[in-house]
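S.K.: Here you go, one structure.
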Amino acid sequence: MSKKFYMTPGSCSTGIHILLEECGLVFEAYIVNLLAGDQYKKDYQAINPKGTIPALVLDDGTALTEFSAIAWWLARSYPKRQLLPADLAGEVRVLSWLNYIVHTLHTQGFARIFTTERFAPSSCDHASVKAQGRQIIDQGFALINRELAGRDWLADNFGIADAALFYVEFWAVRIDIPLPEHCAAHYRRMLTRPAVRQVLAEEGYASALR
């Protein structure tokens, strides 16, 4: 029995998709159409009642949800891939960046741009909400840019935090938000990885590889 991966092309689940390929796992991919409301349908709610993506159903039927939890599980389950530092201090440092990317850059920054109406029902407030989101994004990338100065990855090797950083960098590029120098170099470096190239092609974003 293979693992089942529930994802939406071009979303945060792209980062988990990359990690699954980096680990060399065999899995079945199922697309959850968020715009169509698939996340609220009975079958998916039985898997993930939170109605979020991604979700990963293991061989024993256990469903893993939340980007950070799935990424950490993959790293701990496949230690030979070195997706986490071996020492506790290094692991905690990576998890701190991973959570900052997911819970600040994504859910506080980009979410204000992509799902503005959730933060302000009145269209009169949408411009200010988007501006606040952009400020959060710019501040976040500035912090990460300083962290990446003089290094290729957020840890000694490519790891789970880099997969998270990639999906927000990918979003920034697609909506013409300029990346600071070291983040832009990180994004280009990610695009050279075979797993990233495979995932983008499979998800319908081969144009991003040119």
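We name chains A, B, ... following the order of the structure tokens; residues begin at 1 in each chain, and ligands are numbered from 1 as shown.
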Which residues, written as an MDAnalysis selection string, have at least one atom at most 8 Å from region 188-203 of chain A, with only C-alpha atoms counted and residues fewer than 2 positions away on the same chain left out?

M.R.: chainID A and resid 9:10 14 17:18 21:22 152 166 184:186 205:206 208:209

S.K.: Write out the residues from the selection above, keeping N, CA, C and O atoms, as a PDB file, in the first residue's frame.

M.R.:
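Wrote part_24.pdb, looks like this:
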ATOM      1  N   PRO A   9      -1.896  22.004  -6.778  1.00  0.00           N
ATOM      2  CA  PRO A   9      -0.742  22.508  -7.534  1.00  0.00           C
ATOM      3  C   PRO A   9      -0.480  23.993  -7.276  1.00  0.00           C
ATOM      4  O   PRO A   9      -1.402  24.808  -7.259  1.00  0.00           O
ATOM      5  N   GLY A  10       0.792  24.328  -7.071  1.00  0.00           N
ATOM      6  CA  GLY A  10       1.183  25.712  -6.886  1.00  0.00           C
ATOM      7  C   GLY A  10       0.924  26.283  -5.505  1.00  0.00           C
ATOM      8  O   GLY A  10       1.163  27.460  -5.258  1.00  0.00           O
ATOM      9  N   THR A  14       3.183  22.248  -2.585  1.00  0.00           N
ATOM     10  CA  THR A  14       4.304  22.049  -3.508  1.00  0.00           C
ATOM     11  C   THR A  14       5.582  21.765  -2.726  1.00  0.00           C
ATOM     12  O   THR A  14       6.409  20.947  -3.143  1.00  0.00           O
ATOM     13  N   HIS A  17       5.439  18.204  -1.679  1.00  0.00           N
ATOM     14  CA  HIS A  17       5.623  17.400  -2.890  1.00  0.00           C
ATOM     15  C   HIS A  17       7.121  17.265  -3.194  1.00  0.00           C
ATOM     16  O   HIS A  17       7.614  16.173  -3.505  1.00  0.00           O
ATOM     17  N   ILE A  18       7.850  18.368  -3.082  1.00  0.00           N
ATOM     18  CA  ILE A  18       9.294  18.347  -3.316  1.00  0.00           C
ATOM     19  C   ILE A  18       9.990  17.432  -2.309  1.00  0.00           C
ATOM     20  O   ILE A  18      10.847  16.618  -2.679  1.00  0.00           O
ATOM     21  N   GLU A  21       9.546  13.764  -3.104  1.00  0.00           N
ATOM     22  CA  GLU A  21      10.421  13.334  -4.198  1.00  0.00           C
ATOM     23  C   GLU A  21      11.873  13.265  -3.739  1.00  0.00           C
ATOM     24  O   GLU A  21      12.610  12.364  -4.129  1.00  0.00           O
ATOM     25  N   GLU A  22      12.284  14.209  -2.903  1.00  0.00           N
ATOM     26  CA  GLU A  22      13.652  14.191  -2.374  1.00  0.00           C
ATOM     27  C   GLU A  22      13.911  12.924  -1.564  1.00  0.00           C
ATOM     28  O   GLU A  22      15.024  12.403  -1.539  1.00  0.00           O
ATOM     29  N   ASP A 152      24.332  28.572   1.311  1.00  0.00           N
ATOM     30  CA  ASP A 152      23.433  28.109   0.254  1.00  0.00           C
ATOM     31  C   ASP A 152      22.041  27.785   0.782  1.00  0.00           C
ATOM     32  O   ASP A 152      21.051  27.961   0.065  1.00  0.00           O
ATOM     33  N   PHE A 166      11.057  27.856  -0.493  1.00  0.00           N
ATOM     34  CA  PHE A 166      10.874  27.832  -1.943  1.00  0.00           C
ATOM     35  C   PHE A 166       9.446  28.164  -2.342  1.00  0.00           C
ATOM     36  O   PHE A 166       9.220  28.923  -3.293  1.00  0.00           O
ATOM     37  N   ALA A 184      16.827  35.432  -3.790  1.00  0.00           N
ATOM     38  CA  ALA A 184      16.763  35.181  -5.230  1.00  0.00           C
ATOM     39  C   ALA A 184      17.761  34.103  -5.632  1.00  0.00           C
ATOM     40  O   ALA A 184      17.458  33.227  -6.454  1.00  0.00           O
ATOM     41  N   ALA A 185      18.953  34.139  -5.037  1.00  0.00           N
ATOM     42  CA  ALA A 185      19.959  33.111  -5.321  1.00  0.00           C
ATOM     43  C   ALA A 185      19.485  31.752  -4.813  1.00  0.00           C
ATOM     44  O   ALA A 185      19.694  30.725  -5.473  1.00  0.00           O
ATOM     45  N   HIS A 186      18.847  31.743  -3.638  1.00  0.00           N
ATOM     46  CA  HIS A 186      18.296  30.496  -3.092  1.00  0.00           C
ATOM     47  C   HIS A 186      17.233  29.936  -4.028  1.00  0.00           C
ATOM     48  O   HIS A 186      17.202  28.724  -4.305  1.00  0.00           O
ATOM     49  N   TYR A 205       3.773  23.853 -13.936  1.00  0.00           N
ATOM     50  CA  TYR A 205       4.515  25.104 -13.886  1.00  0.00           C
ATOM     51  C   TYR A 205       5.880  24.976 -14.537  1.00  0.00           C
ATOM     52  O   TYR A 205       6.855  25.564 -14.068  1.00  0.00           O
ATOM     53  N   ALA A 206       5.940  24.244 -15.627  1.00  0.00           N
ATOM     54  CA  ALA A 206       7.210  24.055 -16.327  1.00  0.00           C
ATOM     55  C   ALA A 206       7.786  25.388 -16.795  1.00  0.00           C
ATOM     56  O   ALA A 206       9.008  25.544 -16.921  1.00  0.00           O
ATOM     57  N   ALA A 208       8.156  27.986 -15.190  1.00  0.00           N
ATOM     58  CA  ALA A 208       8.978  28.570 -14.132  1.00  0.00           C
ATOM     59  C   ALA A 208      10.419  28.106 -14.225  1.00  0.00           C
ATOM     60  O   ALA A 208      11.316  28.707 -13.607  1.00  0.00           O
ATOM     61  N   LEU A 209      10.668  27.047 -14.992  1.00  0.00           N
ATOM     62  CA  LEU A 209      12.003  26.482 -15.100  1.00  0.00           C
ATOM     63  C   LEU A 209      12.828  27.155 -16.184  1.00  0.00           C
ATOM     64  O   LEU A 209      14.018  26.892 -16.314  1.00  0.00           O
TER      65      LEU A 209
END

S.K.: Determine, counting only C-alpha atoms, which protein, DNA and RNA residues have an atom within 7 Å of an atom of region 104-121 of chain A; residues of the same chain fewer than 6 positions away are not included. Present the result as number ranges by chain.

M.R.: A: 129-130, 133-134, 136-137, 140, 168

S.K.: Extract, using only C-alpha atoms, all DNA, RNA and protein residues at most 10 Å from Glu66 (chain A), discarding same-chain residues fewer than 3 positions from it, and format them as a PyMOL selection string.

M.R.: chain A and resi 12-13+48+50+52-56+69-71+102

S.K.: Find the residue from A:Tyr6, A:Phe170, A:Phe141, A:Tyr44 that sits nearest to Trp97 (chain A); use only C-alpha atoms when measuring.

M.R.: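 Distance minimum relative to Trp97 (chain A) lands on A:Phe141.
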
S.K.: Counting only C-alpha atoms, which residue out of A:Cys23, A:Ile31, A:Ile47, A:Ile175 sits closest to Thr65 (chain A)?

M.R.: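 The answer is A:Ile47, which sits nearest to Thr65 (chain A).
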
S.K.: When you count only C-alpha atoms, which of these residues is closest to Arg93 (chain A): A:Ala29, A:Ile16, A:Ile160, A:Leu74?

M.R.: A:Ile160
